[in-house]
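Okay, start.txt is below, compact mmCIF, C-alpha atoms:
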# COMPACT_ATOMS: atom_id res chain seq x y z
CA MET B 8 -50.88 -41.45 -63.70
CA ALA B 9 -50.84 -39.95 -60.25
CA GLY B 10 -54.21 -39.11 -58.75
CA LYS B 11 -54.92 -35.98 -56.76
CA PRO B 12 -53.29 -35.71 -53.34
CA LYS B 13 -55.64 -36.93 -50.63
CA LEU B 14 -55.62 -35.20 -47.25
CA HIS B 15 -56.56 -37.12 -44.10
CA TYR B 16 -57.58 -34.92 -41.16
CA PHE B 17 -60.60 -33.73 -39.25
CA ASN B 18 -62.84 -31.13 -40.88
CA GLY B 19 -61.08 -28.11 -39.48
CA ARG B 20 -57.92 -26.04 -39.77
CA GLY B 21 -55.55 -27.52 -37.23
CA ARG B 22 -52.17 -28.55 -38.59
CA MET B 23 -53.53 -29.37 -42.02
CA GLU B 24 -54.53 -25.85 -42.99
CA SER B 25 -51.05 -24.70 -44.02
CA ILE B 26 -50.89 -27.71 -46.31
CA ARG B 27 -54.25 -26.78 -47.86
CA TRP B 28 -53.03 -23.21 -48.40
CA LEU B 29 -49.81 -24.34 -50.04
CA LEU B 30 -51.45 -26.84 -52.38
CA ALA B 31 -54.18 -24.38 -53.32
CA SER B 32 -51.71 -21.57 -53.94
CA ALA B 33 -49.68 -23.88 -56.16
CA GLY B 34 -52.86 -24.55 -58.12
CA VAL B 35 -52.98 -28.21 -57.10
CA GLU B 36 -56.41 -29.79 -56.76
CA PHE B 37 -56.75 -32.13 -53.82
CA GLU B 38 -59.28 -34.41 -52.14
CA GLU B 39 -60.06 -34.63 -48.47
CA LYS B 40 -61.13 -37.59 -46.40
CA PHE B 41 -62.42 -36.25 -43.09
CA ILE B 42 -61.93 -38.08 -39.84
CA ASP B 43 -65.33 -37.67 -38.20
CA THR B 44 -65.19 -40.17 -35.32
CA PRO B 45 -62.62 -41.77 -33.03
CA GLU B 46 -63.28 -45.01 -34.95
CA ASP B 47 -62.22 -43.35 -38.22
CA LEU B 48 -58.89 -42.43 -36.62
CA ASP B 49 -58.51 -45.90 -35.11
CA LYS B 50 -59.02 -47.47 -38.50
CA LEU B 51 -56.29 -45.36 -40.08
CA LYS B 52 -53.95 -46.34 -37.25
CA ASN B 53 -54.84 -50.04 -37.30
CA ASP B 54 -54.50 -50.24 -41.05
CA GLY B 55 -50.93 -49.00 -40.64
CA HIS B 56 -51.44 -45.82 -42.64
CA LEU B 57 -50.05 -43.41 -40.03
CA MET B 58 -46.33 -43.78 -39.51
CA PHE B 59 -46.29 -42.29 -36.00
CA LEU B 60 -50.01 -42.83 -35.39
CA GLN B 61 -50.68 -39.16 -36.06
CA VAL B 62 -52.32 -36.91 -38.60
CA PRO B 63 -51.93 -34.85 -40.80
CA MET B 64 -51.38 -37.56 -43.38
CA VAL B 65 -51.30 -36.84 -47.10
CA GLU B 66 -51.43 -39.51 -49.77
CA ILE B 67 -49.36 -38.12 -52.60
CA ASP B 68 -47.18 -39.58 -55.35
CA GLY B 69 -47.57 -43.11 -54.04
CA MET B 70 -46.56 -42.19 -50.49
CA LYS B 71 -48.47 -41.83 -47.22
CA MET B 72 -46.73 -38.74 -45.96
CA VAL B 73 -46.86 -37.62 -42.33
CA GLN B 74 -45.27 -34.86 -40.23
CA THR B 75 -46.54 -31.43 -41.21
CA ARG B 76 -43.12 -29.99 -41.97
CA ALA B 77 -42.05 -32.95 -44.11
CA ILE B 78 -45.26 -32.59 -46.12
CA LEU B 79 -44.88 -28.83 -46.55
CA ASN B 80 -41.21 -29.23 -47.56
CA TYR B 81 -42.16 -31.81 -50.17
CA ILE B 82 -44.95 -29.74 -51.70
CA ALA B 83 -42.87 -26.55 -51.69
CA THR B 84 -39.98 -28.30 -53.46
CA LYS B 85 -42.18 -30.08 -55.96
CA TYR B 86 -43.99 -26.89 -56.96
CA ASN B 87 -40.95 -24.65 -56.98
CA LEU B 88 -41.87 -22.56 -53.97
CA TYR B 89 -38.73 -23.18 -51.95
CA GLY B 90 -36.10 -20.78 -53.25
CA LYS B 91 -33.40 -21.38 -55.83
CA ASP B 92 -30.60 -22.79 -53.62
CA ILE B 93 -29.84 -23.92 -50.08
CA LYS B 94 -29.11 -20.41 -48.85
CA GLU B 95 -32.50 -19.14 -50.01
CA ARG B 96 -34.06 -22.24 -48.53
CA ALA B 97 -32.36 -21.53 -45.20
CA LEU B 98 -33.90 -18.04 -45.16
CA ILE B 99 -37.30 -19.41 -46.10
CA ASP B 100 -37.00 -22.04 -43.37
CA MET B 101 -36.01 -19.48 -40.74
CA TYR B 102 -38.98 -17.30 -41.60
CA THR B 103 -41.50 -20.14 -41.81
CA GLU B 104 -40.31 -21.70 -38.54
CA GLY B 105 -40.91 -18.36 -36.82
CA MET B 106 -44.34 -18.19 -38.44
CA ALA B 107 -45.09 -21.73 -37.28
CA ASP B 108 -44.30 -20.74 -33.68
CA LEU B 109 -46.84 -17.89 -33.77
CA ASN B 110 -49.31 -19.98 -35.75
CA ASP B 111 -49.13 -22.72 -33.11
CA MET B 112 -49.99 -20.23 -30.36
CA ILE B 113 -53.06 -19.10 -32.28
CA LEU B 114 -53.93 -22.68 -33.25
CA MET B 115 -53.85 -23.86 -29.64
CA LEU B 116 -55.97 -20.98 -28.34
CA PRO B 117 -59.31 -22.83 -28.55
CA MET B 118 -57.78 -25.55 -26.33
CA CYS B 119 -56.95 -23.02 -23.63
CA PRO B 120 -59.02 -23.25 -20.40
CA PRO B 121 -61.47 -20.30 -20.22
CA ASP B 122 -59.80 -18.71 -17.18
CA GLN B 123 -56.45 -18.54 -18.99
CA LYS B 124 -57.73 -17.41 -22.36
CA GLU B 125 -57.52 -13.67 -21.84
CA ALA B 126 -53.89 -13.90 -20.73
CA LYS B 127 -53.09 -16.13 -23.69
CA ILE B 128 -54.66 -13.70 -26.15
CA ALA B 129 -52.66 -10.87 -24.60
CA GLN B 130 -49.49 -12.93 -25.02
CA ILE B 131 -50.30 -13.65 -28.66
CA LYS B 132 -50.93 -9.95 -29.36
CA GLU B 133 -47.70 -8.98 -27.64
CA LYS B 134 -45.61 -11.53 -29.54
CA THR B 135 -47.30 -10.64 -32.83
CA THR B 136 -46.56 -6.95 -32.45
CA ASN B 137 -43.12 -7.14 -30.87
CA ARG B 138 -41.50 -10.34 -32.01
CA TYR B 139 -42.90 -11.58 -35.28
CA LEU B 140 -44.50 -8.96 -37.52
CA PRO B 141 -41.63 -6.46 -37.15
CA VAL B 142 -39.19 -9.09 -38.47
CA PHE B 143 -41.13 -9.65 -41.66
CA GLU B 144 -41.87 -5.96 -42.17
CA LYS B 145 -38.13 -5.32 -41.83
CA VAL B 146 -37.24 -8.03 -44.35
CA LEU B 147 -39.55 -6.49 -46.94
CA LYS B 148 -38.26 -3.00 -46.17
CA SER B 149 -34.61 -4.10 -46.40
CA HIS B 150 -34.79 -5.19 -50.03
CA GLY B 151 -37.90 -3.37 -51.20
CA GLN B 152 -38.99 -6.38 -53.24
CA ASP B 153 -42.47 -7.81 -53.65
CA TYR B 154 -41.71 -11.09 -51.91
CA LEU B 155 -39.79 -12.16 -48.84
CA VAL B 156 -37.01 -14.18 -50.50
CA GLY B 157 -35.29 -14.12 -53.86
CA ASN B 158 -37.63 -11.61 -55.46
CA ARG B 159 -40.19 -14.27 -56.25
CA LEU B 160 -43.13 -16.00 -54.64
CA SER B 161 -42.21 -18.76 -52.22
CA ARG B 162 -43.89 -20.73 -49.48
CA ALA B 163 -42.69 -18.06 -47.05
CA ASP B 164 -45.05 -15.51 -48.62
CA ILE B 165 -47.98 -17.92 -48.71
CA GLN B 166 -47.49 -19.05 -45.12
CA LEU B 167 -47.06 -15.46 -43.95
CA VAL B 168 -50.25 -14.30 -45.65
CA GLU B 169 -52.13 -17.24 -44.14
CA LEU B 170 -50.82 -16.20 -40.74
CA LEU B 171 -51.79 -12.56 -41.32
CA TYR B 172 -55.39 -13.63 -41.91
CA TYR B 173 -55.33 -15.35 -38.50
CA VAL B 174 -53.71 -12.34 -36.86
CA GLU B 175 -56.55 -10.20 -38.23
CA GLU B 176 -59.08 -12.63 -36.80
CA VAL B 177 -57.48 -12.22 -33.36
CA ASP B 178 -57.47 -8.42 -33.69
CA PRO B 179 -57.50 -6.42 -36.94
CA SER B 180 -55.67 -3.50 -35.33
CA LEU B 181 -52.53 -5.66 -34.96
CA MET B 182 -51.71 -5.00 -38.61
CA ALA B 183 -51.94 -1.24 -38.19
CA ASN B 184 -48.23 -0.39 -38.16
CA PHE B 185 -47.10 -2.81 -40.83
CA PRO B 186 -47.81 -1.26 -44.22
CA LEU B 187 -45.50 -3.53 -46.20
CA LEU B 188 -47.12 -6.62 -44.69
CA LYS B 189 -50.54 -5.24 -45.59
CA ALA B 190 -49.33 -4.73 -49.15
CA LEU B 191 -47.93 -8.28 -49.29
CA LYS B 192 -51.22 -9.65 -48.02
CA THR B 193 -53.12 -7.81 -50.75
CA ARG B 194 -50.64 -8.78 -53.43
CA VAL B 195 -50.60 -12.49 -52.59
CA SER B 196 -54.37 -12.57 -52.04
CA ASN B 197 -54.81 -11.30 -55.58
CA LEU B 198 -52.84 -14.11 -57.20
CA PRO B 199 -55.44 -16.12 -59.16
CA THR B 200 -54.95 -19.40 -57.26
CA VAL B 201 -55.00 -17.70 -53.86
CA LYS B 202 -57.97 -15.51 -54.81
CA LYS B 203 -59.87 -18.66 -55.71
CA PHE B 204 -58.95 -20.30 -52.40
CA LEU B 205 -60.17 -17.24 -50.49
CA GLN B 206 -63.61 -17.43 -52.02
CA PRO B 207 -66.56 -19.09 -50.27
CA GLY B 208 -67.02 -22.70 -51.25
CA SER B 209 -63.29 -23.44 -51.44
CA GLN B 210 -61.57 -26.01 -49.24
CA ARG B 211 -60.33 -23.30 -46.87
CA LYS B 212 -61.60 -23.99 -43.37
CA PRO B 213 -63.26 -21.42 -41.06
CA PRO B 214 -62.26 -20.77 -37.44
CA ILE B 215 -63.23 -23.70 -35.27
CA SER B 216 -66.72 -23.62 -33.79
CA GLU B 217 -67.55 -24.90 -30.28
CA GLU B 218 -69.23 -27.88 -31.85
CA SER B 219 -66.26 -28.71 -34.09
CA LEU B 220 -63.92 -28.34 -31.16
CA GLU B 221 -65.88 -30.84 -29.08
CA LYS B 222 -65.94 -33.22 -32.01
CA ALA B 223 -62.16 -32.87 -32.54
CA LYS B 224 -61.49 -33.49 -28.85
CA LYS B 225 -63.52 -36.71 -29.10
CA ILE B 226 -61.69 -37.86 -32.21
CA PHE B 227 -58.25 -37.22 -30.75
CA ARG B 228 -59.30 -38.33 -27.29
CA ILE B 229 -58.34 -35.07 -25.61
CA GLN B 230 -60.01 -34.04 -22.33
CA MET V 24 -10.23 -20.00 -46.15
CA THR V 25 -13.40 -20.90 -44.35
CA THR V 26 -13.96 -20.06 -40.72
CA LYS V 27 -15.47 -22.61 -38.40
CA PRO V 28 -19.21 -22.45 -37.75
CA LYS V 29 -19.99 -20.78 -34.45
CA LEU V 30 -22.79 -22.07 -32.25
CA CYS V 31 -24.49 -19.81 -29.74
CA TYR V 32 -26.54 -21.45 -26.97
CA PHE V 33 -26.65 -22.38 -23.33
CA ARG V 34 -24.17 -24.88 -21.97
CA GLY V 35 -26.41 -27.91 -22.32
CA ARG V 36 -28.25 -30.07 -24.85
CA GLY V 37 -31.61 -28.40 -25.38
CA ARG V 38 -32.38 -27.55 -28.97
CA MET V 39 -28.76 -27.24 -30.02
CA GLU V 40 -27.69 -30.83 -29.43
CA SER V 41 -29.01 -32.22 -32.72
CA ILE V 42 -27.06 -29.50 -34.49
CA ARG V 43 -23.86 -30.48 -32.65
CA TRP V 44 -24.45 -34.11 -33.63
CA LEU V 45 -24.93 -33.27 -37.31
CA LEU V 46 -21.81 -31.13 -37.54
CA ALA V 47 -19.74 -33.67 -35.63
CA ALA V 48 -20.97 -36.56 -37.78
CA ALA V 49 -20.00 -34.58 -40.88
CA GLY V 50 -16.52 -34.14 -39.40
CA VAL V 51 -16.93 -30.37 -39.14
CA GLU V 52 -15.11 -28.58 -36.33
CA PHE V 53 -17.06 -25.80 -34.71
CA GLU V 54 -16.79 -23.17 -32.00
CA GLU V 55 -19.27 -22.53 -29.24
CA GLU V 56 -20.26 -19.34 -27.45
CA PHE V 57 -22.08 -20.28 -24.27
CA ILE V 58 -24.77 -18.01 -22.87
CA GLU V 59 -24.18 -18.00 -19.16
CA THR V 60 -26.06 -14.98 -17.88
CA ARG V 61 -29.34 -13.21 -18.50
CA GLU V 62 -27.36 -10.08 -19.45
CA GLN V 63 -25.46 -11.94 -22.13
CA TYR V 64 -28.70 -13.20 -23.64
CA GLU V 65 -30.26 -9.75 -23.58
CA LYS V 66 -27.15 -8.32 -25.22
CA LEU V 67 -27.45 -10.81 -28.08
CA GLN V 68 -31.09 -9.92 -28.51
CA LYS V 69 -30.32 -6.20 -28.56
CA GLU V 70 -27.55 -6.69 -31.12
CA GLY V 71 -30.22 -7.95 -33.51
CA LEU V 72 -28.46 -11.21 -34.27
CA LEU V 73 -31.36 -13.35 -33.12
CA LEU V 74 -34.08 -13.05 -35.73
CA PHE V 75 -36.93 -13.86 -33.37
CA GLY V 76 -34.98 -13.10 -30.20
CA GLN V 77 -34.19 -16.77 -29.67
CA VAL V 78 -31.41 -19.32 -29.74
CA PRO V 79 -30.11 -21.71 -31.11
CA MET V 80 -28.13 -19.44 -33.37
CA VAL V 81 -25.40 -20.59 -35.75
CA GLU V 82 -23.04 -18.35 -37.70
CA ILE V 83 -22.06 -20.22 -40.85
CA ASP V 84 -21.14 -19.35 -44.45
CA GLY V 85 -21.68 -15.66 -43.87
CA MET V 86 -25.18 -16.19 -42.50
CA VAL V 87 -26.62 -15.85 -39.02
CA LEU V 88 -29.12 -18.69 -38.83
CA THR V 89 -31.71 -19.29 -36.15
CA GLN V 90 -34.59 -21.78 -35.87
CA THR V 91 -33.38 -25.29 -35.15
CA ARG V 92 -34.95 -26.98 -38.14
CA ALA V 93 -33.76 -24.32 -40.58
CA ILE V 94 -30.23 -24.89 -39.33
CA LEU V 95 -30.50 -28.68 -39.42
CA SER V 96 -31.93 -28.71 -42.96
CA TYR V 97 -29.19 -26.39 -44.19
CA LEU V 98 -26.46 -28.52 -42.66
CA ALA V 99 -27.98 -31.77 -43.88
CA ALA V 100 -28.08 -30.44 -47.45
CA LYS V 101 -24.63 -28.86 -47.24
CA TYR V 102 -23.01 -32.06 -45.99
CA ASP V 103 -24.80 -34.32 -48.43
CA SER V 104 -26.89 -36.04 -45.76
CA TYR V 105 -30.31 -35.17 -47.13
CA GLY V 106 -31.01 -37.82 -49.74
CA LYS V 107 -30.39 -37.91 -53.47
CA ASP V 108 -33.85 -36.80 -54.60
CA LEU V 109 -37.10 -35.41 -53.26
CA LYS V 110 -38.56 -38.77 -52.31
CA GLU V 111 -35.52 -39.62 -50.20
CA THR V 112 -35.52 -36.14 -48.67
CA VAL V 113 -39.14 -36.42 -47.58
CA ARG V 114 -38.50 -39.79 -45.95
CA ILE V 115 -35.51 -38.33 -44.12
CA ASN V 116 -37.69 -35.42 -43.01
CA MET V 117 -40.46 -37.72 -41.76
CA TYR V 118 -38.04 -39.84 -39.76
CA ALA V 119 -36.07 -36.87 -38.40
CA ASP V 120 -39.26 -35.03 -37.42
CA GLY V 121 -40.48 -38.11 -35.56
CA THR V 122 -37.24 -38.32 -33.59
CA LEU V 123 -37.31 -34.57 -32.91
CA ASP V 124 -40.82 -34.93 -31.45
CA LEU V 125 -39.57 -37.65 -29.08
CA MET V 126 -36.45 -35.64 -28.18
CA MET V 127 -38.57 -32.57 -27.43
CA MET V 128 -40.64 -34.63 -24.98
CA ILE V 129 -37.42 -35.63 -23.22
CA ALA V 130 -36.05 -32.07 -23.20
CA LEU V 131 -39.32 -30.68 -21.78
CA ALA V 132 -39.42 -33.39 -19.09
CA ALA V 133 -36.42 -31.73 -17.48
CA PHE V 134 -38.60 -28.74 -16.57
CA LYS V 135 -41.45 -30.68 -15.05
CA PRO V 136 -41.97 -30.47 -11.28
CA PRO V 137 -40.27 -33.34 -9.40
CA GLU V 138 -43.54 -35.10 -8.54
CA GLU V 139 -44.49 -35.31 -12.23
CA LYS V 140 -41.07 -36.09 -13.60
CA GLU V 141 -40.90 -39.84 -13.03
CA GLU V 142 -44.36 -40.47 -14.44
CA ASN V 143 -43.46 -38.32 -17.40
CA LEU V 144 -40.22 -40.17 -18.11
CA THR V 145 -42.00 -43.53 -17.88
CA LEU V 146 -44.51 -42.28 -20.43
CA ILE V 147 -41.70 -41.17 -22.72
CA VAL V 148 -40.03 -44.58 -22.60
CA LYS V 149 -43.40 -46.17 -23.34
CA LYS V 150 -43.91 -43.86 -26.35
CA ALA V 151 -40.43 -44.71 -27.58
CA LYS V 152 -41.18 -48.43 -27.36
CA THR V 153 -44.66 -48.34 -28.85
CA ARG V 154 -44.78 -45.41 -31.23
CA TYR V 155 -41.28 -44.60 -32.45
CA PHE V 156 -38.83 -47.50 -32.20
CA PRO V 157 -41.15 -50.04 -33.88
CA VAL V 158 -41.31 -47.76 -36.92
CA PHE V 159 -37.55 -47.66 -37.33
CA GLU V 160 -37.11 -51.36 -36.53
CA LYS V 161 -39.60 -52.11 -39.31
CA ILE V 162 -37.84 -49.85 -41.80
CA LEU V 163 -34.52 -51.56 -41.14
CA ASN V 164 -36.23 -54.95 -41.37
CA ASP V 165 -38.10 -54.20 -44.60
CA ARG V 166 -35.17 -52.67 -46.40
CA GLY V 167 -32.45 -54.93 -45.03
CA GLU V 168 -29.98 -52.08 -45.44
CA ASP V 169 -27.46 -50.56 -43.04
CA PHE V 170 -29.06 -47.12 -43.10
CA LEU V 171 -32.60 -45.80 -42.98
CA VAL V 172 -32.73 -44.19 -46.42
CA GLY V 173 -31.18 -44.91 -49.78
CA ASN V 174 -28.58 -47.33 -48.50
CA LYS V 175 -26.49 -44.35 -47.48
CA PHE V 176 -25.71 -42.60 -44.23
CA SER V 177 -28.03 -39.59 -43.81
CA TRP V 178 -29.26 -37.05 -41.29
CA ALA V 179 -32.04 -39.49 -40.35
CA ASP V 180 -29.49 -42.04 -39.08
CA ILE V 181 -27.79 -39.42 -36.92
CA GLN V 182 -31.11 -38.32 -35.42
CA LEU V 183 -32.09 -41.92 -34.71
CA LEU V 184 -28.83 -42.73 -32.95
CA GLU V 185 -29.09 -39.54 -30.92
CA VAL V 186 -32.60 -40.34 -29.71
CA ILE V 187 -31.77 -44.00 -29.00
CA LEU V 188 -28.93 -42.93 -26.72
CA MET V 189 -31.15 -40.36 -24.99
CA VAL V 190 -33.86 -42.93 -24.27
CA GLU V 191 -31.28 -45.48 -23.12
CA GLU V 192 -30.21 -42.93 -20.51
CA LEU V 193 -33.76 -43.19 -19.15
CA ASP V 194 -33.98 -46.98 -19.48
CA ALA V 195 -30.92 -48.98 -20.45
CA SER V 196 -33.00 -51.97 -21.57
CA VAL V 197 -35.24 -50.06 -23.96
CA LEU V 198 -33.84 -51.77 -27.06
CA ALA V 199 -34.36 -55.28 -25.68
CA ASP V 200 -37.06 -56.07 -28.25
CA PHE V 201 -35.44 -54.23 -31.13
CA PRO V 202 -32.49 -56.30 -32.39
CA LEU V 203 -32.05 -54.35 -35.61
CA LEU V 204 -31.95 -51.05 -33.73
CA LYS V 205 -29.39 -52.54 -31.37
CA ALA V 206 -27.21 -53.49 -34.36
CA PHE V 207 -27.86 -50.07 -35.90
CA GLU V 208 -26.77 -48.36 -32.69
CA ALA V 209 -23.48 -50.26 -32.68
CA ARG V 210 -22.88 -49.73 -36.37
CA ILE V 211 -23.53 -45.98 -36.43
CA SER V 212 -21.64 -45.41 -33.18
CA ASN V 213 -18.60 -46.91 -34.88
CA ILE V 214 -18.51 -44.45 -37.73
CA PRO V 215 -15.19 -42.65 -37.02
CA THR V 216 -16.58 -39.10 -36.71
CA ILE V 217 -19.36 -40.33 -34.44
CA ARG V 218 -17.08 -42.51 -32.36
CA LYS V 219 -14.95 -39.42 -31.79
CA PHE V 220 -18.02 -37.37 -30.80
CA LEU V 221 -19.05 -40.07 -28.30
CA GLN V 222 -15.75 -39.85 -26.48
CA PRO V 223 -15.28 -37.77 -23.33
CA GLY V 224 -14.01 -34.28 -24.01
CA SER V 225 -15.98 -33.86 -27.24
CA PRO V 226 -18.51 -31.01 -27.69
CA ARG V 227 -21.31 -33.46 -26.87
CA LYS V 228 -23.33 -32.23 -23.92
CA LEU V 229 -24.46 -34.45 -21.10
CA GLU V 230 -26.98 -32.21 -19.40
CA ALA V 231 -30.25 -30.63 -20.31
CA ALA V 232 -29.98 -26.92 -21.08
CA PRO V 233 -30.49 -24.67 -18.06
CA ARG V 234 -33.71 -22.61 -17.97
Could you spell out this file's structure in structure tokens?
Amino acid sequence: MAGKPKLHYFNGRGRMESIRWLLASAGVEFEEKFIDTPEDLDKLKNDGHLMFLQVPMVEIDGMKMVQTRAILNYIATKYNLYGKDIKERALIDMYTEGMADLNDMILMLPMCPPDQKEAKIAQIKEKTTNRYLPVFEKVLKSHGQDYLVGNRLSRADIQLVELLYYVEEVDPSLMANFPLLKALKTRVSNLPTVKKFLQPGSQRKPPISEESLEKAKKIFRIQ
Amino acid sequence: MTTKPKLCYFRGRGRMESIRWLLAAAGVEFEEEFIETREQYEKLQKEGLLLFGQVPMVEIDGMVLTQTRAILSYLAAKYDSYGKDLKETVRINMYADGTLDLMMMIALAAFKPPEEKEENLTLIVKKAKTRYFPVFEKILNDRGEDFLVGNKFSWADIQLLEVILMVEELDASVLADFPLLKAFEARISNIPTIRKFLQPGSPRKLEAAPR
């Protein structure tokens, strides 16, 4: 019998958070083993558990899976959140790759030197409002359905709603002119599994604190 | 009657090269529209063909696809190069993503200032030799098969050959300690569609994409 998936990462959002969202939304219980020190990471590497010496790593179905996208693709397929055929999957992939680009900008913001931060935030806001959110609003408008692809919930909806929460954290007013996105966010947030994940005490991680950031930099040996 | 896929990008490798490789390996002829001016790029953006205002863009099967990985995954599945089940697919994804990370480092190196470039390229070769190539050498060793996954030619093999050749351009001796990769390189290069793609005059690009 397969045990619960086990997530290996530091105790923070980073690149693992999308994986947590997807598992949680699919109603899959998972365990987490936090990397707290550089020695913890070294041990994982030296024991040969990290294919390219990097995390995220997820132990699932007898495999030690690495590479965020590979992991997300696997989970989405396994739990039927990846469309019904390769054309739907192509649409889902296009949307989620765009989301990942914006997500990465927001994710990397804490690493930005203080004198560049304001400019970076301005860039994120600009891209959010002009490049990314209009695309998804337009998709929803074009077919008038409840979900982005194939008239049913897919990873694209879950990853978009995750992203919208981060966009709101950057600046709540960014969502102002996107009524269909707001409705999607509410709709997906009300799904029982997602609602549970959004509650305090779940495995969802908060924005990174100064202290956590310093700790993460030590673990990953970043200046 | 199917029309040929049409690729839209700059005249150079960049993010489109892996897509060219995959189509060529599958024996699929394709057309290319090269973006040569700023105006041309802006026109494409205004026409609304580029979902997020970016290229690569590929017109195929009645769809206008953007986002490199979305395109690659679609092609891999369409041309039966994506494994026979989910476990094979995830392995192919892991391996392909690893090679794409290394290729992105090489592509970005082209834009580094001259004084940083050499140091950067040395670091890339080192990463190839210590982080990436040992993984693939081990897979070939452990499985004793001709291909990386499922004893069958897949997208992962194409990606691996592509990145091996790119790193060899930086350091011709990089495979000195990797005998199985050396054999792999020869074997995959000899697949007829790939041999054709490796010949002069093919759509294969030899330069980085212009900025």
Near chain B, 6 Å: chain V residue rows, closest pairs, all atoms listed in the file, as CSV:
residue,atom,partner,partner_atom,distance
V:Phe75,CA,B:Arg138,CA,5.9
V:Gln90,CA,B:Met101,CA,5.6
V:Ala93,CA,B:Asp100,CA,4.8
V:Tyr97,CA,B:Ala97,CA,5.9
V:Val113,CA,B:Ala77,CA,5.7
V:Asn116,CA,B:Ala77,CA,5.1
V:Met117,CA,B:Ala77,CA,5.6
V:Arg154,CA,B:Phe59,CA,5.9
### Summary
One decimal place gives the atom CA of V:Glu56-atom CA of V:Pro136 separation as 29.3 Å
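Counting all atoms listed in the file, the residue from B:Val146, B:Met23, B:Ile67, B:Met118 that sits nearest to B:Val35 is B:Ile67.
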### Task
In Å, rounded to a single decimal, give me how far atom CA of V:Arg34 is from atom CA of V:Gln77.
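So the two atoms, atom CA of V:Gln77 and atom CA of V:Arg34, lie 15.0 Å apart.
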### Task
Between atom CA of B:Asn158 and atom CA of B:Leu88, measure the distance and give it in Å to one decimal.
11.8 Å
#### Entry: Protein and nucleic acid residues near (-24.0, -20.2, -43.9) (cut-off 12 Å, only C-alpha atoms) as JSON, numbers by chain
{"B": [93, 94, 95, 96, 97, 98], "V": [25, 26, 27, 28, 29, 30, 80, 81, 82, 83, 84, 85, 86, 87, 88, 89, 93, 94, 95, 96, 97, 98, 100, 101]}
### Query
Smallest atom-to-atom distance to B:Arg22: which of B:Ala83, B:Met112, B:Met182, B:Leu51, using all atoms listed in the file?
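Of B:Ala83, B:Met112, B:Met182, B:Leu51, the one nearest B:Arg22, counting all atoms listed in the file, is B:Met112.
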### Task
Compile the contact shell of V:Phe176 as a ChimeraX atom specification: residues with an atom at most 10 Å away, counting all atoms listed in the file, same-chain residues fewer than 2 positions apart removed.
/V:103-106,169-174,178-181,211,214
Pull N, CA and C atoms for stretch 60-71 of chain V from the block and write them as a PDB file, in the first residue's frame.
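For reference, decode-v2.pdb as written:
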ATOM      1  N   THR V  60      12.678  42.296 -37.176  1.00  0.00           N
ATOM      2  CA  THR V  60      12.663  43.687 -36.712  1.00  0.00           C
ATOM      3  C   THR V  60      11.750  43.836 -35.514  1.00  0.00           C
ATOM      4  N   ARG V  61      11.962  44.898 -34.781  1.00  0.00           N
ATOM      5  CA  ARG V  61      11.131  45.267 -33.638  1.00  0.00           C
ATOM      6  C   ARG V  61       9.687  45.442 -34.078  1.00  0.00           C
ATOM      7  N   GLU V  62       9.513  46.061 -35.255  1.00  0.00           N
ATOM      8  CA  GLU V  62       8.165  46.342 -35.788  1.00  0.00           C
ATOM      9  C   GLU V  62       7.395  45.037 -36.031  1.00  0.00           C
ATOM     10  N   GLN V  63       8.113  44.073 -36.574  1.00  0.00           N
ATOM     11  CA  GLN V  63       7.490  42.784 -36.862  1.00  0.00           C
ATOM     12  C   GLN V  63       6.982  42.139 -35.574  1.00  0.00           C
ATOM     13  N   TYR V  64       7.794  42.209 -34.543  1.00  0.00           N
ATOM     14  CA  TYR V  64       7.454  41.637 -33.248  1.00  0.00           C
ATOM     15  C   TYR V  64       6.237  42.349 -32.661  1.00  0.00           C
ATOM     16  N   GLU V  65       6.265  43.682 -32.741  1.00  0.00           N
ATOM     17  CA  GLU V  65       5.141  44.451 -32.208  1.00  0.00           C
ATOM     18  C   GLU V  65       3.855  44.153 -32.967  1.00  0.00           C
ATOM     19  N   LYS V  66       3.995  43.933 -34.269  1.00  0.00           N
ATOM     20  CA  LYS V  66       2.823  43.614 -35.096  1.00  0.00           C
ATOM     21  C   LYS V  66       2.205  42.294 -34.627  1.00  0.00           C
ATOM     22  N   LEU V  67       3.054  41.314 -34.390  1.00  0.00           N
ATOM     23  CA  LEU V  67       2.568  40.010 -33.902  1.00  0.00           C
ATOM     24  C   LEU V  67       1.842  40.153 -32.571  1.00  0.00           C
ATOM     25  N   GLN V  68       2.419  40.984 -31.708  1.00  0.00           N
ATOM     26  CA  GLN V  68       1.804  41.190 -30.398  1.00  0.00           C
ATOM     27  C   GLN V  68       0.441  41.848 -30.557  1.00  0.00           C
ATOM     28  N   LYS V  69       0.380  42.848 -31.440  1.00  0.00           N
ATOM     29  CA  LYS V  69      -0.885  43.566 -31.638  1.00  0.00           C
ATOM     30  C   LYS V  69      -1.948  42.661 -32.244  1.00  0.00           C
ATOM     31  N   GLU V  70      -1.509  41.728 -33.107  1.00  0.00           N
ATOM     32  CA  GLU V  70      -2.484  40.842 -33.756  1.00  0.00           C
ATOM     33  C   GLU V  70      -3.121  39.872 -32.766  1.00  0.00           C
ATOM     34  N   GLY V  71      -2.576  39.815 -31.557  1.00  0.00           N
ATOM     35  CA  GLY V  71      -3.163  38.976 -30.526  1.00  0.00           C
ATOM     36  C   GLY V  71      -2.867  37.495 -30.662  1.00  0.00           C
TER      37      GLY V  71
END
